[in-house]
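Listing of structure.txt, compact mmCIF, C-alpha atoms (C1' of nucleotides)
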```txt
# COMPACT_ATOMS: atom_id res chain seq x y z
CA MET L 1 -61.90 90.92 33.10
CA ILE L 2 -63.14 91.78 36.56
CA GLN L 3 -65.69 89.04 36.99
CA LEU L 4 -66.09 85.89 38.99
CA THR L 5 -66.19 82.70 36.98
CA LYS L 6 -69.25 80.48 36.80
CA ARG L 7 -67.37 77.99 38.91
CA THR L 8 -67.02 80.50 41.72
CA GLU L 9 -70.61 81.55 41.28
CA TYR L 10 -71.82 77.98 41.55
CA GLY L 11 -69.53 77.36 44.49
CA LEU L 12 -70.96 80.32 46.36
CA ILE L 13 -74.51 79.25 45.68
CA ALA L 14 -73.71 75.79 46.97
CA LEU L 15 -72.02 77.14 50.08
CA VAL L 16 -74.92 79.43 50.84
CA HIS L 17 -77.26 76.49 50.52
CA MET L 18 -75.12 74.38 52.84
CA ALA L 19 -74.99 77.17 55.38
CA GLU L 20 -78.77 77.33 55.43
CA ARG L 21 -78.85 73.58 55.97
CA GLU L 22 -76.07 73.61 58.53
CA GLY L 23 -75.70 70.30 60.25
CA HIS L 24 -77.27 68.41 57.37
CA CYS L 25 -75.56 66.70 54.48
CA VAL L 26 -76.44 68.19 51.09
CA SER L 27 -75.98 66.23 47.87
CA ALA L 28 -74.75 67.69 44.62
CA ARG L 29 -77.93 66.52 42.95
CA GLU L 30 -80.11 68.46 45.35
CA ILE L 31 -78.20 71.68 44.72
CA SER L 32 -78.04 71.22 40.98
CA GLU L 33 -81.76 70.56 40.72
CA ARG L 34 -82.76 73.34 43.03
CA PHE L 35 -80.64 76.02 41.38
CA LEU L 36 -80.58 74.62 37.86
CA ILE L 37 -76.82 74.17 37.83
CA PRO L 38 -75.22 71.53 35.56
CA LYS L 39 -74.66 68.65 37.93
CA ARG L 40 -71.36 67.42 36.58
CA LEU L 41 -69.85 70.88 36.64
CA LEU L 42 -71.07 71.47 40.15
CA ALA L 43 -69.45 68.21 41.17
CA GLU L 44 -66.11 69.47 39.87
CA VAL L 45 -66.49 72.66 41.85
CA LEU L 46 -67.45 70.87 45.03
CA LYS L 47 -64.49 68.58 44.64
CA ASP L 48 -62.16 71.59 44.54
CA LEU L 49 -63.84 73.12 47.57
CA CYS L 50 -63.35 69.81 49.31
CA ARG L 51 -59.66 69.72 48.41
CA ALA L 52 -59.31 73.21 49.82
CA GLU L 53 -60.91 71.88 53.00
CA LEU L 54 -63.72 74.40 52.93
CA ILE L 55 -66.29 71.61 52.92
CA ASP L 56 -66.38 67.96 53.95
CA SER L 57 -67.61 65.22 51.67
CA HIS L 58 -69.42 62.03 52.67
CA ARG L 59 -69.65 59.20 50.19
CA GLY L 60 -72.29 56.58 49.90
CA ALA L 61 -76.00 56.45 49.40
CA THR L 62 -76.97 59.15 51.89
CA GLY L 63 -73.74 61.09 51.35
CA GLY L 64 -73.20 64.67 50.32
CA TYR L 65 -71.35 67.75 51.48
CA SER L 66 -71.34 69.94 54.54
CA LEU L 67 -69.46 73.04 55.64
CA ALA L 68 -66.06 72.45 57.21
CA LEU L 69 -65.92 76.01 58.54
CA SER L 70 -68.36 78.28 60.26
CA PRO L 71 -70.15 80.75 57.94
CA ASP L 72 -68.45 83.46 59.96
CA ASP L 73 -64.98 82.14 59.21
CA LEU L 74 -65.48 81.14 55.60
CA THR L 75 -64.83 84.15 53.38
CA LEU L 76 -65.12 84.96 49.71
CA SER L 77 -61.35 85.05 49.55
CA HIS L 78 -61.25 81.38 50.55
CA VAL L 79 -63.63 80.46 47.78
CA VAL L 80 -61.95 82.50 45.09
CA ALA L 81 -58.53 81.20 46.08
CA ALA L 82 -59.80 77.63 45.94
CA LEU L 83 -61.58 77.97 42.59
CA GLU L 84 -59.60 80.58 40.67
CA GLY L 85 -56.35 81.01 42.50
CA ARG L 86 -55.37 84.23 44.16
CA PRO L 87 -56.02 87.11 41.82
CA SER L 88 -53.21 89.14 40.29
CA LEU L 89 -54.52 92.33 38.81
CA THR L 90 -51.81 92.67 36.19
CA SER L 91 -49.90 90.05 34.30
CA CYS L 92 -46.57 91.09 35.72
CA GLU L 93 -47.46 90.87 39.37
CA GLY L 94 -45.75 88.28 41.47
CA LEU L 95 -47.42 86.35 44.23
CA ALA L 96 -46.23 87.92 47.43
CA PRO L 97 -45.73 91.60 48.12
CA GLY L 98 -42.03 90.89 48.38
CA HIS L 99 -42.16 89.38 44.92
CA SER L 100 -39.12 87.19 45.24
CA GLY L 101 -40.56 84.56 42.92
CA HIS L 102 -40.07 85.28 39.22
CA PRO L 103 -38.19 88.51 38.86
CA GLY L 104 -38.08 88.27 35.07
CA GLU L 105 -41.78 87.60 34.66
CA CYS L 106 -42.55 91.17 33.64
CA GLY L 107 -41.09 92.11 30.30
CA LEU L 108 -41.41 95.75 31.19
CA GLU L 109 -39.76 95.07 34.52
CA PRO L 110 -37.50 98.09 34.80
CA ARG L 111 -39.90 100.58 33.26
CA CYS L 112 -43.38 99.36 34.13
CA PRO L 113 -44.82 102.38 35.90
CA ILE L 114 -48.08 100.96 37.17
CA ARG L 115 -46.93 97.83 38.87
CA SER L 116 -46.47 98.79 42.45
CA PRO L 117 -49.60 100.96 42.79
CA LEU L 118 -51.74 98.25 41.25
CA GLN L 119 -50.34 95.76 43.69
CA ARG L 120 -51.70 97.96 46.45
CA LEU L 121 -55.03 98.05 44.70
CA ARG L 122 -55.11 94.31 44.50
CA GLU L 123 -54.42 94.15 48.19
CA GLY L 124 -57.48 96.32 48.68
CA LEU L 125 -59.60 94.01 46.58
CA TRP L 126 -58.27 91.05 48.48
CA GLN L 127 -59.13 92.70 51.79
CA LEU L 128 -62.62 93.27 50.47
CA MET L 129 -62.97 89.57 49.80
CA GLN L 130 -61.47 88.60 53.11
CA ARG L 131 -64.06 90.69 54.88
CA THR L 132 -66.93 89.20 52.93
CA THR L 133 -67.98 86.22 55.00
CA LEU L 134 -70.34 83.52 53.94
CA ARG L 135 -72.64 84.76 56.68
CA SER L 136 -72.85 88.14 55.01
CA LEU L 137 -74.08 86.41 51.86
CA LEU L 138 -76.85 84.56 53.65
CA LYS L 139 -79.54 87.11 54.29
CA PRO L 140 -79.28 90.08 51.97
CA ALA L 141 -80.79 92.37 54.55
CA GLU L 142 -78.68 91.49 57.57
CA GLY L 143 -75.52 90.73 55.69
CA ALA L 144 -74.81 94.33 54.85
CA VAL L 145 -73.38 94.99 58.26
CA ALA L 146 -70.74 92.36 57.84
CA LEU L 147 -69.08 94.29 55.05
CA ALA L 148 -66.92 96.43 57.24
CA PRO L 149 -65.00 99.54 56.25
CA LEU L 150 -61.87 98.86 54.27
CA THR L 151 -58.65 100.79 54.28
CA VAL L 152 -56.20 100.68 51.45
CA LEU L 153 -53.18 102.48 52.77
CA SER L 154 -49.43 101.88 52.84
CA MET W 1 -61.27 85.82 36.57
CA ILE W 2 -60.41 88.75 38.73
CA GLN W 3 -57.78 90.38 36.60
CA LEU W 4 -57.39 93.46 34.46
CA THR W 5 -56.93 92.79 30.77
CA LYS W 6 -53.77 93.69 28.85
CA ARG W 7 -55.77 96.40 27.18
CA THR W 8 -56.48 98.08 30.50
CA GLU W 9 -52.91 97.56 31.58
CA TYR W 10 -51.60 99.19 28.41
CA GLY W 11 -54.12 101.97 28.72
CA LEU W 12 -52.99 102.75 32.25
CA ILE W 13 -49.35 102.76 31.27
CA ALA W 14 -50.15 105.15 28.43
CA LEU W 15 -52.17 107.42 30.68
CA VAL W 16 -49.43 107.53 33.28
CA HIS W 17 -46.98 108.46 30.58
CA MET W 18 -49.26 111.20 29.30
CA ALA W 19 -49.71 112.56 32.80
CA GLU W 20 -45.98 112.83 33.21
CA ARG W 21 -45.82 114.72 29.92
CA GLU W 22 -48.84 116.86 30.67
CA GLY W 23 -49.28 119.63 28.16
CA HIS W 24 -47.37 117.77 25.46
CA CYS W 25 -48.74 115.57 22.73
CA VAL W 26 -47.57 111.94 23.00
CA SER W 27 -47.67 109.62 19.99
CA ALA W 28 -48.64 105.97 20.10
CA ARG W 29 -45.29 105.08 18.62
CA GLU W 30 -43.40 106.80 21.44
CA ILE W 31 -45.34 104.90 24.09
CA SER W 32 -45.14 101.58 22.31
CA GLU W 33 -41.40 101.84 21.85
CA ARG W 34 -40.69 103.07 25.34
CA PHE W 35 -42.74 100.42 27.11
CA LEU W 36 -42.42 97.65 24.53
CA ILE W 37 -46.15 97.51 23.84
CA PRO W 38 -47.44 96.26 20.46
CA LYS W 39 -48.13 99.45 18.58
CA ARG W 40 -51.27 98.38 16.76
CA LEU W 41 -52.89 97.06 19.90
CA LEU W 42 -52.00 100.21 21.78
CA ALA W 43 -53.61 102.21 19.00
CA GLU W 44 -56.85 100.28 19.51
CA VAL W 45 -56.75 101.00 23.21
CA LEU W 46 -56.05 104.69 22.75
CA LYS W 47 -58.88 104.89 20.27
CA ASP W 48 -61.27 103.56 22.90
CA LEU W 49 -59.96 105.93 25.52
CA CYS W 50 -60.50 108.72 23.02
CA ARG W 51 -64.08 107.63 22.38
CA ALA W 52 -64.67 107.66 26.12
CA GLU W 53 -63.34 111.21 26.12
CA LEU W 54 -60.61 110.44 28.61
CA ILE W 55 -57.96 111.65 26.18
CA ASP W 56 -57.86 113.93 23.15
CA SER W 57 -56.36 112.86 19.85
CA HIS W 58 -54.56 115.05 17.36
CA ARG W 59 -54.05 113.77 13.86
CA GLY W 60 -51.36 114.67 11.42
CA ALA W 61 -47.60 114.50 11.31
CA THR W 62 -46.91 115.90 14.79
CA GLY W 63 -50.09 114.49 16.25
CA GLY W 64 -50.64 112.24 19.22
CA TYR W 65 -52.68 112.08 22.39
CA SER W 66 -53.04 114.12 25.52
CA LEU W 67 -55.11 113.90 28.68
CA ALA W 68 -58.61 115.30 28.48
CA LEU W 69 -59.00 115.24 32.26
CA SER W 70 -56.80 116.17 35.16
CA PRO W 71 -54.90 113.27 36.75
CA ASP W 72 -56.85 114.03 39.88
CA ASP W 73 -60.19 113.56 38.15
CA LEU W 74 -59.32 110.60 35.96
CA THR W 75 -59.87 107.40 37.91
CA LEU W 76 -59.29 103.73 37.38
CA SER W 77 -63.03 103.27 37.15
CA HIS W 78 -63.09 105.51 34.07
CA VAL W 79 -60.40 103.46 32.39
CA VAL W 80 -61.92 100.10 33.21
CA ALA W 81 -65.35 101.24 32.11
CA ALA W 82 -63.93 102.48 28.82
CA LEU W 83 -61.86 99.40 28.05
CA GLU W 84 -63.76 96.53 29.64
CA GLY W 85 -67.17 97.86 30.42
CA ARG W 86 -68.43 98.23 33.93
CA PRO W 87 -67.66 95.04 35.81
CA SER W 88 -70.42 92.71 36.83
CA LEU W 89 -69.19 90.23 39.35
CA THR W 90 -71.65 87.54 38.39
CA SER W 91 -73.19 86.68 35.09
CA CYS W 92 -76.70 87.41 36.22
CA GLU W 93 -76.13 90.92 37.45
CA GLY W 94 -77.82 93.68 35.58
CA LEU W 95 -76.32 97.06 34.89
CA ALA W 96 -78.00 99.37 37.34
CA PRO W 97 -78.88 98.61 40.96
CA GLY W 98 -82.52 98.83 39.93
CA HIS W 99 -81.89 96.19 37.28
CA SER W 100 -84.75 97.12 35.03
CA GLY W 101 -82.87 96.05 31.92
CA HIS W 102 -83.04 92.32 31.23
CA PRO W 103 -85.14 90.69 33.88
CA GLY W 104 -84.81 87.28 32.27
CA GLU W 105 -81.06 87.40 32.00
CA CYS W 106 -80.53 85.26 35.06
CA GLY W 107 -81.81 81.75 34.63
CA LEU W 108 -81.85 81.33 38.37
CA GLU W 109 -83.73 84.60 38.72
CA PRO W 110 -86.19 83.72 41.44
CA ARG W 111 -83.91 81.45 43.41
CA CYS W 112 -80.41 82.84 42.96
CA PRO W 113 -79.35 83.45 46.55
CA ILE W 114 -76.08 85.28 46.03
CA ARG W 115 -77.13 87.92 43.62
CA SER W 116 -77.98 90.87 45.77
CA PRO W 117 -75.09 90.52 48.23
CA LEU W 118 -72.61 90.23 45.39
CA GLN W 119 -74.01 93.36 43.86
CA ARG W 120 -73.06 95.14 47.05
CA LEU W 121 -69.61 93.65 46.83
CA ARG W 122 -69.25 94.87 43.29
CA GLU W 123 -70.22 98.32 44.44
CA GLY W 124 -67.37 98.11 46.91
CA LEU W 125 -64.95 97.14 44.19
CA TRP W 126 -66.26 99.92 42.06
CA GLN W 127 -65.76 102.43 44.85
CA LEU W 128 -62.23 101.19 45.17
CA MET W 129 -61.61 101.95 41.52
CA GLN W 130 -63.35 105.29 41.72
CA ARG W 131 -61.02 106.33 44.47
CA THR W 132 -57.93 105.29 42.61
CA THR W 133 -56.97 108.38 40.64
CA LEU W 134 -54.41 108.55 37.88
CA ARG W 135 -52.43 110.83 40.18
CA SER W 136 -52.20 108.04 42.74
CA LEU W 137 -50.61 105.84 40.08
CA LEU W 138 -47.96 108.38 39.18
CA LYS W 139 -45.43 108.20 41.94
CA PRO W 140 -45.63 104.93 43.84
CA ALA W 141 -44.36 106.59 47.01
CA GLU W 142 -46.65 109.62 47.13
CA GLY W 143 -49.63 107.96 45.53
CA ALA W 144 -50.34 105.82 48.54
CA VAL W 145 -52.10 108.66 50.28
CA ALA W 146 -54.62 109.00 47.50
CA LEU W 147 -56.05 105.57 48.18
CA ALA W 148 -58.51 106.65 50.80
CA PRO W 149 -60.46 104.45 53.19
CA LEU W 150 -63.37 102.67 51.64
CA THR W 151 -66.69 101.86 53.17
CA VAL W 152 -68.97 99.15 51.86
CA LEU W 153 -72.13 99.65 53.75
CA SER W 154 -75.83 99.85 52.96
C1' DT Q 1 -75.71 40.45 49.63
C1' DA Q 2 -77.47 43.07 45.79
C1' DG Q 3 -78.69 47.40 44.28
C1' DA Q 4 -79.13 52.18 44.38
C1' DA Q 5 -77.26 56.53 45.34
C1' DT Q 6 -73.48 59.08 46.11
C1' DC Q 7 -68.66 61.08 45.51
C1' DA Q 8 -64.01 60.85 42.68
C1' DG Q 9 -60.88 61.05 38.73
C1' DC Q 10 -59.60 61.67 34.07
C1' DA Q 11 -60.10 63.12 29.56
C1' DC Q 12 -62.43 65.47 26.22
C1' DT Q 13 -65.26 68.96 23.35
C1' DA Q 14 -67.25 73.44 22.12
C1' DA Q 15 -67.75 78.15 22.76
C1' DT Q 16 -65.98 82.42 24.16
C1' DC Q 17 -62.51 85.82 25.17
C1' DT Q 18 -58.10 87.90 24.65
C1' DG Q 19 -54.00 89.37 22.53
C1' DG Q 20 -52.30 90.66 18.50
C1' DT Q 21 -52.03 91.77 13.35
C1' DG Q 22 -53.06 93.46 8.29
C1' DC Q 23 -54.45 96.74 5.32
C1' DA Q 24 -56.44 100.57 3.37
C1' DC Q 25 -57.82 105.23 4.50
C1' DT Q 26 -57.87 110.13 6.43
C1' DT Q 27 -55.65 114.01 8.39
C1' DT Q 28 -52.00 117.31 9.03
C1' DC Q 29 -47.40 119.19 9.23
C1' DC Q 30 -43.16 120.36 6.74
C1' DG Z 1 -46.27 116.00 -2.31
C1' DG Z 2 -44.60 112.99 1.09
C1' DA Z 3 -43.91 111.46 5.66
C1' DA Z 4 -45.95 110.71 10.01
C1' DA Z 5 -49.65 110.34 12.65
C1' DG Z 6 -54.49 108.60 13.94
C1' DT Z 7 -59.01 105.64 12.24
C1' DG Z 8 -61.85 101.75 10.95
C1' DC Z 9 -62.75 97.16 10.01
C1' DA Z 10 -61.81 92.57 9.61
C1' DC Z 11 -59.21 88.79 10.74
C1' DC Z 12 -56.28 85.00 13.11
C1' DA Z 13 -54.32 82.12 16.89
C1' DG Z 14 -53.96 80.81 21.46
C1' DA Z 15 -55.84 80.59 26.10
C1' DT Z 16 -59.58 80.21 29.13
C1' DT Z 17 -64.10 78.76 30.44
C1' DA Z 18 -68.28 76.09 30.49
C1' DG Z 19 -69.87 71.85 30.17
C1' DT Z 20 -69.97 66.58 29.28
C1' DG Z 21 -68.85 61.33 29.25
C1' DC Z 22 -67.49 57.53 31.31
C1' DT Z 23 -65.69 54.56 34.65
C1' DG Z 24 -64.71 53.42 39.30
C1' DA Z 25 -64.99 53.57 44.47
C1' DT Z 26 -67.74 54.03 48.63
C1' DT Z 27 -71.63 53.31 51.64
C1' DC Z 28 -76.41 53.04 53.00
C1' DT Z 29 -80.63 50.25 52.74
C1' DA Z 30 -83.66 46.76 51.65
```

Do you think you could lay out the structure here as structure tokens?
Amino acid sequence: MIQLTKRTEYGLIALVHMAEREGHCVSAREISERFLIPKRLLAEVLKDLCRAELIDSHRGATGGYSLALSPDDLTLSHVVAALEGRPSLTSCEGLAPGHSGHPGECGLEPRCPIRSPLQRLREGLWQLMQRTTLRSLLKPAEGAVALAPLTVLS
Amino acid sequence: MIQLTKRTEYGLIALVHMAEREGHCVSAREISERFLIPKRLLAEVLKDLCRAELIDSHRGATGGYSLALSPDDLTLSHVVAALEGRPSLTSCEGLAPGHSGHPGECGLEPRCPIRSPLQRLREGLWQLMQRTTLRSLLKPAEGAVALAPLTVLS
DNA sequence: TAGAATCAGCACTAATCTGGTGCACTTTCC
DNA sequence: GGAAAGTGCACCAGATTAGTGCTGATTCTA
């Protein structure tokens, strides 16, 4: 399915909130109460974002989370990679374009006719995510400009 | 998850095969044997493609399927829409940009901060699929040209 | 120094989705 | 009339996702 998971959704909401509170430390409780997100689940998500070094965590009574990157540098691709892993459009796609990893992964290997073109498509989707910065998610009106033209050639 | 389902994958493989045999009638059995796809599942997929009027079916002993559209007009967006439904990146997105359908669908309705920007992103993804024609999937080498530049503005 | 508030780690459950199958039926060609 | 093809509906099993429980570690504040 072509859909972001709830985890990614919650992660993005949290990141947007942190960006608007830049400089401050935001607790999981605050976010979960404000946006009606299950607190425990949000905590899992934030933990993963922390492991991916997209945010910093601060323990203790007045602890919480804050952005580790500027909203201009943090992109949707970072978030998706941290919470879902890098997307592979078809089951037989390898990781890198070179695809030196698991050559036998695709049962249709020698005859699969759609593999290589779909890899290009995935690259296009990935570019789209790489160009979608957290900043562009902040203010719906302004953000539009940040979604730059995308080319899917070669 | 950002991934096409097996159904879509099988559908694309079948469509590519039909395009290469344009004019002929291709049976589900032929495709399933050639590409090692479970026949019954493929039949389900082809049925859906038929309902979406992307292919024509011909019953009887020498029956089978054939393209209802030219490979230049049939796009990935058609196939995905027929087999998975139009993608909605987040759970709270409505169908149309106007979103007059289910106003209460999103529990975070008034406060969800990522909704509108992600709708724009989805539009970008959708454009990407609309510009990916069946023709561009045919010959990996030539097809590249058909993936035109994509703009995600406004 | 005690307590409260916070993050961290692990395991677990329930619901949903996906891939795949069974079977009986209809249509059409030979 | 029979074989070969598509159609319709229901069903099963495994994987994924959403969400929860509980315990422990850290750190601020009173």

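For the pair atom CA of L:Leu12 and atom C1' of Q:DC7, the separation is 19.4 Å.
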
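The interface of chain Z with chain L at 7 Å, considering all atoms listed in the file, consists of DG19, DT26, DT27 and DC28 of chain Z.
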
Since we have the selection now, will you write its residues out, keeping C-alpha atoms (C1' of nucleotides), as a CSV table (one decimal), in the frame of the given file?
```csv
chain,number,residue,atom,x,y,z
Z,19,DG,C1',-69.9,71.8,30.2
Z,26,DT,C1',-67.7,54.0,48.6
Z,27,DT,C1',-71.6,53.3,51.6
Z,28,DC,C1',-76.4,53.0,53.0
```

Within 9 Å of chain L: residues of chain Q, using all atoms listed in the file, as an NGL selection string:
:Q and (4-8)

Surrounding residues of Z:DG2 excluding itself and chain neighbours under 2 positions, 12 Å, only C-alpha atoms (C1' of nucleotides), as a compact mmCIF listing (two decimals) with C-alpha atoms (C1' of nucleotides), keeping the file's coordinate frame:
```txt
# COMPACT_ATOMS: atom_id res chain seq x y z
CA ALA W 61 -47.60 114.50 11.31
C1' DT Q 28 -52.00 117.31 9.03
C1' DC Q 29 -47.40 119.19 9.23
C1' DC Q 30 -43.16 120.36 6.74
C1' DA Z 4 -45.95 110.71 10.01
```

Which residue, W:Pro117, W:Arg122, W:Ser66, W:Gly85, has the smallest gap to L:Arg135 when you use all atoms listed in the file?
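The answer is W:Pro117, which sits nearest to L:Arg135.
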
As an exercise, work out the distance from atom CA of W:Thr133 to atom CA of W:Cys50 in Å and give it to one decimal place.
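Computed distance, atom CA of W:Thr133 to atom CA of W:Cys50, equals 18.0 Å.
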
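Minimum atom-to-atom distances from L:Leu54, L:Leu67, L:Ile37, L:Met18 to chain W were compared using only C-alpha atoms, and the lowest value belongs to L:Ile37.
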
Tell me, as a PyMOL selection string, which residues lie within 12 Å of Q:DA15, counting all atoms listed in the file; anything in the same chain fewer than 6 positions away does not count.
chain Z and resi 16-19

With only C-alpha atoms (C1' of nucleotides) counted, which protein, DNA or RNA residues have an atom no more than 10 Å from (-60.5, 89.4, 11.7) in the file frame? Please answer as an MDAnalysis selection string.
(chainID Q and resid 21:22) or (chainID Z and resid 9:12)
